[in-house]
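Report on the following structure.
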Amino acid sequence: MRLRALAKINLGLDVVGKRADGYHEVRMIMQTIQMYDVLEIEKKAEPGITLTTNIPYVPTDERNLVYKAAKMLMDEFHIEEGLTMNLEKFIPVAAGMAGGSSDAAAAFVGVNRIFGLGLSEEDLMKRAVKVGADVPYCVMRGTALAEGIGEKLTRLPRVPQCYVLVGKPGVNVSTKTAYENLKLDDPAVVHPDIDGMVTAIREGDLDGMISRMGNVFEPGIIGKYPVIQEIKDLMENHGARKAMMSGSGPTVFGIFDSREKMEQAAAVLRESKLAKTVFATEVF
Ligand SMILES: C[C@@](CO)(OP(=O)(O)O)[C@H](O)COP(=O)(O)OP(=O)(O)OC[C@H]1O[C@@H](n2ccc(N)nc2=O)[C@H](O)[C@@H]1O
Ligand SMILES: Nc1ncnc2c1ncn2[C@@H]1O[C@H](COP(=O)(O)OP(=O)(O)O)[C@@H](O)[C@H]1O
């Protein structure tokens, strides 16, 4: 069985509060894009999970979110057989694109299917949040408003067709540290208009959506890694309607209304060497 695990971008990302358990209340507009990892799953007679991957520094034991998701379902349903899984990664790691979360979502879907567990999408999403806040959304995919810690999801209509240029600089940002360093009571923190963006998407209004793009993590992370601003500026100076950091970073994405303009910007970005990974794609 072969599954695609799609990357996400956050078209809007607001953090509105902190919970007693340390997690934060968010309001985000999530969007999957046509960039994906490939997860292959096969049953094996011997018990246990064997995981391999093409990225040497990604763990292949319980620390891998794919392993965690598969084990969670297999333990719950007392499955005696084993699984062989191979994960081929194309989504940059620790990038703000939910790579690991989406791989976990694919594992939930795959294990449910391969062992005929009969769980609904909702059943899977309930279990998914135990692996990570963004995993339920990765099971759902498409365009959605995410609230709570990211697990309360409202599906939105597809956004109007647009092209997405992804540029990941060679720096690493920890999601946990990004949340810890957020100063919500600082008046300099700009909260994006998430409700306005929801309305714009419901009305199929691309201009309205683009004008409301914003990410509350940007100032803090860009202050530490100015290369993120340089990539944003490059994209916006080369035809992007708007460029923004995804999630807790450091990946930048630009929204374009033509493939040609995006390809031209991609060529300039590659030439600039500001980004380690450059990928030209579209929404899914
Ligand atoms: C920031 C976002 C935006 O989509 O994406 P990424 O940058 O990771 O892609 C998400 O909120 C990331 O969700 P996810 O990566 O699933 O988070 P988890 O693994 O559950 O948590 C990692 C750490 O982030 C913090 N965390 C996460 C989610 C949340 N709503 N509040 C938090 O405070 C917690 O400190 C937690 O220990
Ligand atoms: N399947 C996986 N793919 C990538 N990273 C994983 C995976 N499982 C666990 N990890 C660990 O999780 C960390 C963050 O991974 P990732 O999901 O790519 O981040 P982000 O959500 O910020 O894009 C990495 O440092 C990696 O060691």
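Convention: chains lettered A, B, ... in structure tokens order; per-chain residue numbering from 1; ligands numbered from 1 as shown.
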Exercise. Write out as a VMD selection string each polymer residue whose atoms come within 10 Å of Arg259 (chain A), counting only C-alpha atoms; drop sequence neighbours fewer than 2 positions from it.
Key: chain A and resid 162 to 165 256 to 257 261 to 265 280 to 282
Practice problem: For ligand 1, collect every residue having any atom at a distance of at most 6 Å from a ligand atom (counting only C-alpha atoms and all ligand atoms); output as a ChimeraX atom specification. | Solution: /A:22-26,96-98,132-135,149-150,175-176,179,247-249
Quiz item: Residues at most 8 Å from region 209-215 of chain A, counting only C-alpha atoms, excluding those fewer than 2 positions away in the same chain, as a PyMOL selection string?
Solution: chain A and resi 10-14+191-194+196-198+200-201+205-207+217-218+241-242+244-247
How would the residues just picked look written out with C-alpha atoms as a JSON list (two decimals), in the first residue's frame?
```json
[["chain", "number", "residue", "atom", "x", "y", "z"],
["A", 10, "ASN", "CA", -0.57, 28.16, 7.25],
["A", 11, "LEU", "CA", -2.28, 30.91, 5.24],
["A", 12, "GLY", "CA", -3.10, 32.56, 8.56],
["A", 13, "LEU", "CA", -1.70, 31.77, 12.00],
["A", 14, "ASP", "CA", -2.81, 33.41, 15.22],
["A", 191, "HIS", "CA", -2.86, 39.29, 15.26],
["A", 192, "PRO", "CA", -4.05, 38.41, 11.75],
["A", 193, "ASP", "CA", -7.75, 38.77, 10.85],
["A", 194, "ILE", "CA", -8.65, 35.07, 10.76],
["A", 196, "GLY", "CA", -12.00, 38.00, 7.71],
["A", 197, "MET", "CA", -9.92, 35.36, 5.95],
["A", 198, "VAL", "CA", -12.58, 32.70, 6.57],
["A", 200, "ALA", "CA", -12.93, 35.75, 2.01],
["A", 201, "ILE", "CA", -12.31, 32.02, 1.41],
["A", 205, "ASP", "CA", -12.18, 36.03, -2.88],
["A", 206, "LEU", "CA", -8.44, 35.46, -3.49],
["A", 207, "ASP", "CA", -7.55, 39.15, -3.05],
["A", 217, "PHE", "CA", 5.37, 33.94, 14.86],
["A", 218, "GLU", "CA", 7.03, 36.00, 12.11],
["A", 241, "ARG", "CA", 1.20, 38.52, -4.41],
["A", 242, "LYS", "CA", 2.32, 37.87, -0.83],
["A", 244, "MET", "CA", 4.93, 34.62, 4.45],
["A", 245, "MET", "CA", 6.59, 32.22, 6.86],
["A", 246, "SER", "CA", 4.74, 28.92, 7.38],
["A", 247, "GLY", "CA", 4.01, 27.65, 10.89]]
```
Would you name the residues within 6 Å of ligand 2, counting only C-alpha atoms and all ligand atoms, and put them as a short mmCIF file (atom, residue, chain, number, x, y, z; two decimals) with C-alpha atoms, in the first residue's frame?
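Final file, result-v4.cif:
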```cif
data_model
loop_
_atom_site.label_atom_id
_atom_site.label_comp_id
_atom_site.auth_asym_id
_atom_site.auth_seq_id
_atom_site.Cartn_x
_atom_site.Cartn_y
_atom_site.Cartn_z
CA VAL A 58 15.35 11.06 10.88
CA ARG A 63 10.65 8.67 18.05
CA ASN A 64 9.39 8.66 14.45
CA LEU A 65 5.79 9.90 14.29
CA VAL A 66 4.97 7.21 11.70
CA VAL A 93 12.32 18.29 8.07
CA ALA A 94 11.54 20.67 10.97
CA ALA A 95 10.38 23.27 8.50
CA GLY A 96 6.91 24.41 9.64
CA MET A 97 5.29 22.28 6.93
CA ALA A 98 3.97 19.45 9.15
CA GLY A 99 6.13 16.82 7.45
CA GLY A 100 6.25 14.45 10.42
CA SER A 101 2.61 15.15 11.31
CA ASP A 103 3.55 11.13 7.77
#
```
Exercise. Could you please write out, as a PyMOL selection string, every residue of region 159-223 of chain A that DSSP assigns to strand (DSSP E)?
Key: chain A and resi 163-168+214-215
Practice problem: Choose the residue, out of A:Leu269, A:Met140, A:Leu153, A:Met1, that has the smallest atom-to-atom separation from Leu83 (chain A); count only C-alpha atoms. | Solution: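 Of all the options, A:Met1 lies closest to Leu83 (chain A).
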Practice problem: Just the residues within 10 Å of Asn54 (chain A), please, counting only C-alpha atoms, with nothing from its chain fewer than 3 positions along; format it as a ChimeraX atom specification. | Solution: /A:57-58,86-90
Quiz item: So how far away is CA of Ala107 (chain A) from CA of Asp37 (chain A), in Å?
Solution: 11.6 Å
Quiz prompt | Using only C-alpha atoms: which of A:Ala45, A:Met72, A:Ala275, A:Ala20 has the shortest distance to Met235 (chain A) | solution =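 Closest candidate: A:Ala275.
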Practice problem: If you run DSSP over the backbone, which residues in region 157-277 of chain A end up alpha helix (DSSP H)? Put them as a ChimeraX atom specification. | Solution: /A:175-180,194-202,206-211,218-224,227-237,259-272
Quiz item: For Glu42 (chain A), which of A:Arg19, A:Lys276, A:Arg2, A:Arg27 is the closest residue, counting only C-alpha atoms?
Solution: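 Closest to Glu42 (chain A), using only C-alpha atoms: A:Arg2.
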Quiz prompt | Proximity to Pro219 (chain A) - best of A:Ala240, A:Val189, A:Met85, A:Leu234, only C-alpha atoms | solution =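 So, comparing all the options, the nearest one is A:Val189.
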Quiz prompt | Gap from CA of Pro160 (chain A) to CA of Thr199 (chain A) - Å, one decimal | solution =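 Computed distance, CA of Pro160 (chain A) to CA of Thr199 (chain A), equals 13.2 Å.
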